[in-house]
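Undergrad: Below you will find the structure I want to go over with you.
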Amino acid sequence: MRKSFLAALGGVFGVLASALCLASSARAELRLDITSGQVQPMPIAIPAFAGASGDGAAGSNIAGVISADLERSGLFRPIDPRSFIQNVSVTDNTAPRFADWRQINAQALVTGTVQTQADGRLGVQFRLWDVDAEQQLTGYGYTTTSQNWRRIAHIIADEIYKRITGEDGYFDTRIVYVAESGPEQNRIKRLAIMDQDGANNRYLTDGRALVLTPRFSPSAQEITYLSFAGKKPRVYLLNIDSGQQEALGDFPGMTFAPRFSPGGNRVIFSRAVNGASNIYVFDLRTHNATRLTSDDAIDTSPCYSPDGRQIVFNSDRGGSQQLYVMDASGGGAHRISFGSGKYGTPVWSPRGDLIAFTKISGSSFYIGVMHPDGSGERLLTQGFLVEGPTWAPNGRVLMYFTEGPSDSRGYGGSPHLQTIDLTGYNQRDVPTPGPASDPAWSPLLR
């Protein structure tokens with residue numbers, strides 16, 4: 001059976017995937033329920049992928065990235081390779097010695113091979129095994145250019161995550177964020193992009209103009225953001241591959257807080273004129289802008305629902321900063337936040353079931369979630385400053401930036417990125433070369 005579910009992934013990257021099958025008995029499947037709160041991590045063994053002498057480093061590196069991805073999710077506990085009994089150096093289709101893996105308490109096992117082909121491309125195969133049931137759960141083979149071995153590792157981690165949890169993974173993704181450098185009184189802010197684990201970091205702008213709030217298009221090929229180029233705050237579009245950037249129209253006043261529509265053919269943003277800000281939508285095909293709100297308040301941070309039918313935003317129209325939902329056409333706005341404090345930066349979950357937000361109450365900041373009707377508010381994390389949530393594409397993990405207080409001389413307090421899952425557990429730092437803020441998570445890249 002051959003399955004080609006990965007086509008060209010932009011640029012020079014291409015992957016061919018084929019299913020690898022072994023006969024298996026019909027027994028209870030290994031599965032993690034991740035919908036019922038904190039989960040005990042599943043012990044999983046991930047030996048280095050076997051290969052010829054020249055491919056040994058690639059096999060070890062691929063297994064290492066898979067292991068790190070799964071461990072960071074908080075749902076898996078990779079077992080120390082030093083405890084492995086069986087040396088899985090075989091390259092044929094024989095099953096593992098399951099008794100050896102049960103002896104070290106592995107519930108799941110990943111085996112794989114890597115081989116440089118005659119044309120220079122890399123062939124990678126993996127299999128996921130249920131150790132107790134002694135059966136294969138899934139397996140695929142991939143062919144790609146050798147420099148893209150990390151992408152293959154993330155894709156395999158996604159397949160393992162999905163097979164055991166029943167939910168889509170989120171490892172084959174990228175993060176765009178604002179990279180900060182220089183003294184606090186004169187910070188340089190550049191757009192930067194990296195893999196979700198912090199690898200392959202590179203800068204997209206040169207720092208000559210202040211940039212804020214980058215957001216991915218649904219295709220993950222474009223970014224919209226706020227730039228102060230020419231000392232005029234405007235919304236821009238940037239093509240990641242070509243580096244080409246252009247202003248989104250030339251409107252009087254300040255335009256800011258942009259996001260793409262689910263279809264990617266519109267950008268919604270706020271425009272401030274004479275002390276008030278209202279929400280507009282710009283059609284990228286016709287270059288026509290339509291005003292969606294019309295009042296003397298500050299309406300900003302708009303975000304579409306995944307189906308494109310509604311928009312959540314924050315507004316002080318009721319006297320304090322709260323969250324509102326309206327129709328995509330601009331009508332029927334109604335308030336959904338009623339807790340104490342101020343609410344801002346709302347973002348709809350890709351699953352459509354929750355809205356994440358920043359909350360300020362007293363002297364603390366919070367990241368929380370609520371249902372689109374305002375019910376079920378839950379605060380996931382608290383800090384001196386935590387702000388700007390963004391969803392992983394599976395709607396199970398949030399990333400945001402956090403910052404501590406400065407000292408009496410105004411030093412310290414550099415922002416950095418963190419993730420947390422919907423249970424409020426598994427809070428993790430995200431590595432970046434320096435201070436970082438305003439993250440945005442891409443869709444899956446395939």
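Identifiers in this document derive from the order of the structure tokens: chains are assigned A, B, ..., residues are numbered from 1 separately in each chain, and ligands are numbered from 1 in order of occurrence.
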Quick check for you: according to DSSP on this backbone, which residues of region 152-388 of chain A are classed as alpha helix (DSSP H)? Reply as a list in words.
TA: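 In region 152-388 of chain A, DSSP puts these residues in alpha helix (DSSP H): Ile152, Ala153, His154, Ile155, Ile156, Ala157, Asp158, Glu159, Ile160, Tyr161, Lys162, Arg163, Ile164 and Thr165 of chain A.
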Undergrad: Do a neighbour search on Met326 (chain A) at 7 Å with only C-alpha atoms, toss out local chain neighbours closer than 6 positions, and write the hits as a PDB file with N, CA and C atoms, in the first residue's frame.
TA:
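After the write, around-v9.pdb holds the following:
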ATOM      1  N   GLN A 310     -17.769  34.731  12.877  1.00  0.00           N
ATOM      2  CA  GLN A 310     -17.805  35.665  13.991  1.00  0.00           C
ATOM      3  C   GLN A 310     -16.421  36.263  14.233  1.00  0.00           C
ATOM      4  N   ILE A 311     -16.410  37.340  14.987  1.00  0.00           N
ATOM      5  CA  ILE A 311     -15.172  38.035  15.345  1.00  0.00           C
ATOM      6  C   ILE A 311     -15.209  38.339  16.828  1.00  0.00           C
ATOM      7  N   VAL A 312     -14.131  38.015  17.519  1.00  0.00           N
ATOM      8  CA  VAL A 312     -13.981  38.430  18.913  1.00  0.00           C
ATOM      9  C   VAL A 312     -13.010  39.603  18.939  1.00  0.00           C
ATOM     10  N   GLY A 332     -24.452  42.855  15.630  1.00  0.00           N
ATOM     11  CA  GLY A 332     -24.776  41.982  16.752  1.00  0.00           C
ATOM     12  C   GLY A 332     -23.712  41.858  17.807  1.00  0.00           C
ATOM     13  N   ALA A 333     -22.911  42.901  18.034  1.00  0.00           N
ATOM     14  CA  ALA A 333     -21.844  42.817  19.031  1.00  0.00           C
ATOM     15  C   ALA A 333     -22.430  42.663  20.431  1.00  0.00           C
ATOM     16  N   HIS A 334     -21.905  41.719  21.195  1.00  0.00           N
ATOM     17  CA  HIS A 334     -22.351  41.502  22.571  1.00  0.00           C
ATOM     18  C   HIS A 334     -21.160  41.127  23.442  1.00  0.00           C
TER      19      HIS A 334
END
Undergrad: Could you tell me which of A:Phe313, A:Tyr343, A:Phe216, A:Tyr177 comes closest to Asn201 (chain A) if we count only C-alpha atoms?
TA: A:Tyr177
Undergrad: Work out how far CA of Glu377 (chain A) is from CA of Gly344 (chain A), in Å to one decimal.
TA: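 Interatomic distance, CA of Gly344 (chain A) to CA of Glu377 (chain A): 13.9 Å.
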Undergrad: Using DSSP on the backbone, list every residue of region 273-318 of chain A that comes out as strand (DSSP E), and give them as a list in words.
TA: Val273, Ala276, Ser277, Asn278, Ile279, Tyr280, Val281, Phe282, Asp283, Ala289, Thr290, Arg291, Asp299, Thr300, Ser301, Pro302, Cys303, Tyr304, Gln310, Ile311, Val312, Phe313, Asn314 and Ser315 of chain A
Undergrad: So, with only C-alpha atoms as the atoms that count, which of A:Ala45, A:Met194, A:Leu398, A:Ile164 lies closest to Leu75 (chain A)?
TA: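 The shortest atom-to-atom distance to Leu75 (chain A) comes from A:Ile164.
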Undergrad: Distance CA of Trp391 (chain A)-CA of Val178 (chain A), one decimal place?
TA: 16.7 Å
Undergrad: Find the residues near region 98-104 of chain A: any atom within 6 Å, counting only C-alpha atoms, skip ones fewer than 2 places away on the same chain, and give them as a PyMOL selection string.
TA: chain A and resi 85+96+106+131
Undergrad: Could you dump the residues just selected with N, CA and C atoms as a PDB file, in the first residue's frame?
TA:
ATOM      1  N   ILE A  85      17.884  -2.755  26.533  1.00  0.00           N
ATOM      2  CA  ILE A  85      18.463  -4.094  26.512  1.00  0.00           C
ATOM      3  C   ILE A  85      18.715  -4.539  25.079  1.00  0.00           C
ATOM      4  N   PRO A  96      10.285  -6.273  17.281  1.00  0.00           N
ATOM      5  CA  PRO A  96      11.233  -6.175  18.397  1.00  0.00           C
ATOM      6  C   PRO A  96      11.052  -7.343  19.372  1.00  0.00           C
ATOM      7  N   ALA A 106       8.717   0.117  29.277  1.00  0.00           N
ATOM      8  CA  ALA A 106       8.266   0.882  28.111  1.00  0.00           C
ATOM      9  C   ALA A 106       6.862   0.430  27.719  1.00  0.00           C
ATOM     10  N   VAL A 131       3.976  -2.092  23.166  1.00  0.00           N
ATOM     11  CA  VAL A 131       4.822  -3.121  23.761  1.00  0.00           C
ATOM     12  C   VAL A 131       3.993  -4.200  24.449  1.00  0.00           C
TER      13      VAL A 131
END
Undergrad: Considering only C-alpha atoms, return as number ranges by chain whatever protein or nucleic-acid residues lie within 12 Å of Arg187 (chain A), sequence-local ones (same chain, fewer than 4 positions apart) excluded.
TA: A: 178-183, 207-211, 414-415, 435-436
Undergrad: Those selected residues, please, written with C-alpha atoms and delivered as a PDB file, in the first residue's frame.
TA:
ATOM      1  CA  VAL A 178       9.446  39.876  17.916  1.00  0.00           C
ATOM      2  CA  ALA A 179      13.152  39.504  18.744  1.00  0.00           C
ATOM      3  CA  GLU A 180      14.391  42.245  21.056  1.00  0.00           C
ATOM      4  CA  SER A 181      17.947  43.463  21.567  1.00  0.00           C
ATOM      5  CA  GLY A 182      19.847  46.491  22.803  1.00  0.00           C
ATOM      6  CA  PRO A 183      19.348  48.638  25.915  1.00  0.00           C
ATOM      7  CA  GLY A 207      15.580  46.285  12.986  1.00  0.00           C
ATOM      8  CA  ARG A 208      15.584  49.737  11.402  1.00  0.00           C
ATOM      9  CA  ALA A 209      11.835  50.023  12.049  1.00  0.00           C
ATOM     10  CA  LEU A 210       9.929  48.979  15.159  1.00  0.00           C
ATOM     11  CA  VAL A 211       7.680  45.952  14.529  1.00  0.00           C
ATOM     12  CA  SER A 414      13.498  40.928  29.625  1.00  0.00           C
ATOM     13  CA  PRO A 415      10.560  39.134  27.940  1.00  0.00           C
ATOM     14  CA  PRO A 435      14.563  38.518  24.594  1.00  0.00           C
ATOM     15  CA  ALA A 436      11.359  37.658  22.722  1.00  0.00           C
TER      16      ALA A 436
END
Undergrad: Counting only C-alpha atoms, which of A:Lys232, A:Ala297, A:Arg351, A:Glu184 gets nearest to Ser406 (chain A)?
TA: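 Looking at the shortest contact to Ser406 (chain A), the residue is A:Glu184.
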Undergrad: At what distance in Å, to one decimal, does CA of Ala57 (chain A) lie from CA of Trp149 (chain A)?
TA: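 Interatomic distance, CA of Trp149 (chain A) to CA of Ala57 (chain A): 11.0 Å.
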Undergrad: For Pro439 (chain A), please output as a ChimeraX atom specification all residues within 9 Å (counting only C-alpha atoms; exclusion window: fewer than 6 positions along the same chain).
TA: /A:175-178,213-215,388-390,399-401,417
Undergrad: If you keep N, CA and C atoms, can you produce a file of those selected residues as an mmCIF file, in the first residue's frame?
TA:
data_model
loop_
_atom_site.group_PDB
_atom_site.id
_atom_site.type_symbol
_atom_site.label_atom_id
_atom_site.label_comp_id
_atom_site.auth_asym_id
_atom_site.auth_seq_id
_atom_site.Cartn_x
_atom_site.Cartn_y
_atom_site.Cartn_z
ATOM 1 N N ILE A 175 7.205 29.324 14.593
ATOM 2 C CA ILE A 175 6.804 30.451 15.419
ATOM 3 C C ILE A 175 7.408 31.714 14.826
ATOM 4 N N VAL A 176 6.576 32.740 14.639
ATOM 5 C CA VAL A 176 7.101 34.060 14.318
ATOM 6 C C VAL A 176 6.931 34.907 15.578
ATOM 7 N N TYR A 177 7.924 35.747 15.853
ATOM 8 C CA TYR A 177 7.876 36.528 17.089
ATOM 9 C C TYR A 177 8.692 37.803 16.906
ATOM 10 N N VAL A 178 8.658 38.656 17.923
ATOM 11 C CA VAL A 178 9.446 39.876 17.916
ATOM 12 C C VAL A 178 10.705 39.642 18.737
ATOM 13 N N THR A 213 3.318 42.625 16.832
ATOM 14 C CA THR A 213 2.158 41.742 16.576
ATOM 15 C C THR A 213 2.190 41.023 15.227
ATOM 16 N N PRO A 214 3.209 40.227 14.935
ATOM 17 C CA PRO A 214 3.181 39.439 13.694
ATOM 18 C C PRO A 214 2.168 38.307 13.781
ATOM 19 N N ARG A 215 1.530 37.978 12.653
ATOM 20 C CA ARG A 215 0.543 36.898 12.603
ATOM 21 C C ARG A 215 0.671 36.161 11.270
ATOM 22 N N GLY A 388 -0.371 38.107 25.362
ATOM 23 C CA GLY A 388 -0.295 37.732 23.956
ATOM 24 C C GLY A 388 -0.397 36.250 23.676
ATOM 25 N N PRO A 389 -1.463 35.555 24.108
ATOM 26 C CA PRO A 389 -1.552 34.118 23.836
ATOM 27 C C PRO A 389 -1.712 33.811 22.357
ATOM 28 N N THR A 390 -1.165 32.686 21.944
ATOM 29 C CA THR A 390 -1.341 32.172 20.587
ATOM 30 C C THR A 390 -1.497 30.668 20.672
ATOM 31 N N MET A 399 0.975 29.378 23.620
ATOM 32 C CA MET A 399 2.245 30.073 23.804
ATOM 33 C C MET A 399 1.941 31.531 24.086
ATOM 34 N N TYR A 400 2.808 32.174 24.857
ATOM 35 C CA TYR A 400 2.632 33.584 25.216
ATOM 36 C C TYR A 400 3.997 34.124 25.612
ATOM 37 N N PHE A 401 4.083 35.405 25.937
ATOM 38 C CA PHE A 401 5.347 35.914 26.447
ATOM 39 C C PHE A 401 5.163 36.423 27.870
ATOM 40 N N LEU A 417 9.536 33.652 25.916
ATOM 41 C CA LEU A 417 8.364 32.896 25.494
ATOM 42 C C LEU A 417 8.171 31.671 26.380
#
Undergrad: Residues at most 10 Å from Leu212 (chain A), counting only C-alpha atoms, excluding those fewer than 4 positions away in the same chain, as a VMD selection string?
TA: chain A and resid 177 to 179 189 to 191 224 to 228 233 235 256 to 258 437 to 439
Undergrad: Selection from above, C-alpha atoms, as a PDB file, in the first residue's frame, can you write it?
TA:
ATOM      1  CA  TYR A 177       7.876  36.528  17.089  1.00  0.00           C
ATOM      2  CA  VAL A 178       9.446  39.876  17.916  1.00  0.00           C
ATOM      3  CA  ALA A 179      13.152  39.504  18.744  1.00  0.00           C
ATOM      4  CA  LYS A 189      12.712  44.946  17.619  1.00  0.00           C
ATOM      5  CA  ARG A 190      12.934  42.639  14.620  1.00  0.00           C
ATOM      6  CA  LEU A 191      10.671  39.987  13.213  1.00  0.00           C
ATOM      7  CA  THR A 224       0.969  40.429   8.629  1.00  0.00           C
ATOM      8  CA  TYR A 225       2.318  42.783  11.270  1.00  0.00           C
ATOM      9  CA  LEU A 226       2.523  46.371  12.516  1.00  0.00           C
ATOM     10  CA  SER A 227       5.569  48.384  11.443  1.00  0.00           C
ATOM     11  CA  PHE A 228       6.656  51.923  12.267  1.00  0.00           C
ATOM     12  CA  PRO A 233       2.433  52.964  12.148  1.00  0.00           C
ATOM     13  CA  VAL A 235      -0.048  47.214   8.781  1.00  0.00           C
ATOM     14  CA  PHE A 256      -2.565  48.099  13.974  1.00  0.00           C
ATOM     15  CA  ALA A 257      -3.452  44.654  15.463  1.00  0.00           C
ATOM     16  CA  PRO A 258      -3.801  42.788  12.124  1.00  0.00           C
ATOM     17  CA  SER A 437       7.736  38.796  22.683  1.00  0.00           C
ATOM     18  CA  ASP A 438       4.531  38.728  20.604  1.00  0.00           C
ATOM     19  CA  PRO A 439       4.667  35.083  19.428  1.00  0.00           C
TER      20      PRO A 439
END
Undergrad: Identify which of the residues A:Gly112, A:Gly169, A:Gly123, A:Gly249 lies closest to Gly139 (chain A), counting only C-alpha atoms when measuring atom-to-atom distances.
TA: A:Gly112
Undergrad: Show which residues sit within 6 Å of region 348-350 of chain A, as a PDB file with N, CA and C atoms, in the first residue's frame. Count only C-alpha atoms, and ignore same-chain residues fewer than 3 positions away.
TA:
ATOM      1  N   SER A 305     -13.393  33.718  14.212  1.00  0.00           N
ATOM      2  CA  SER A 305     -13.632  32.323  14.582  1.00  0.00           C
ATOM      3  C   SER A 305     -13.132  31.446  13.439  1.00  0.00           C
ATOM      4  N   PRO A 306     -12.823  30.167  13.701  1.00  0.00           N
ATOM      5  CA  PRO A 306     -12.285  29.309  12.635  1.00  0.00           C
ATOM      6  C   PRO A 306     -13.186  29.185  11.420  1.00  0.00           C
ATOM      7  N   LEU A 354     -12.956  27.433  22.294  1.00  0.00           N
ATOM      8  CA  LEU A 354     -12.479  28.324  23.346  1.00  0.00           C
ATOM      9  C   LEU A 354     -11.912  29.606  22.756  1.00  0.00           C
ATOM     10  N   ILE A 355     -11.872  30.630  23.587  1.00  0.00           N
ATOM     11  CA  ILE A 355     -11.190  31.881  23.267  1.00  0.00           C
ATOM     12  C   ILE A 355     -10.159  32.122  24.368  1.00  0.00           C
ATOM     13  N   GLY A 395      -5.076  23.215  19.078  1.00  0.00           N
ATOM     14  CA  GLY A 395      -5.942  23.802  20.097  1.00  0.00           C
ATOM     15  C   GLY A 395      -5.753  23.239  21.487  1.00  0.00           C
TER      16      GLY A 395
END
Undergrad: Which is closer to Asp283 (chain A) than all the others in A:Leu248, A:Met254, A:Thr300, A:Leu128, using only C-alpha atoms?
TA: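 Of all the options, A:Leu248 lies closest to Asp283 (chain A).
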Undergrad: Write out, as CSV, each residue of region 32-147 of chain A that has an atom at most 10 Å from region 427-434 of chain A, together with the closest pair of atoms and their distance in Å to one decimal, counting only C-alpha atoms, rows going by chain and rising number.
TA:
residue,atom,partner,partner_atom,distance
A:Arg72,CA,A:Arg428,CA,7.5
A:Ser73,CA,A:Arg428,CA,9.2
A:Gly74,CA,A:Gln427,CA,9.0
Undergrad: Output N, CA and C atoms for every residue in the selection just made, as a PDB file, in the first residue's frame.
TA:
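Below is the file out-v7.pdb, written as the result:
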ATOM      1  N   ARG A  72       8.475  17.406  25.573  1.00  0.00           N
ATOM      2  CA  ARG A  72       7.970  18.756  25.841  1.00  0.00           C
ATOM      3  C   ARG A  72       6.462  18.808  25.898  1.00  0.00           C
ATOM      4  N   SER A  73       5.784  17.882  25.240  1.00  0.00           N
ATOM      5  CA  SER A  73       4.319  17.887  25.284  1.00  0.00           C
ATOM      6  C   SER A  73       3.795  17.571  26.672  1.00  0.00           C
ATOM      7  N   GLY A  74       4.639  16.983  27.521  1.00  0.00           N
ATOM      8  CA  GLY A  74       4.209  16.606  28.861  1.00  0.00           C
ATOM      9  C   GLY A  74       3.420  15.320  28.914  1.00  0.00           C
TER      10      GLY A  74
END
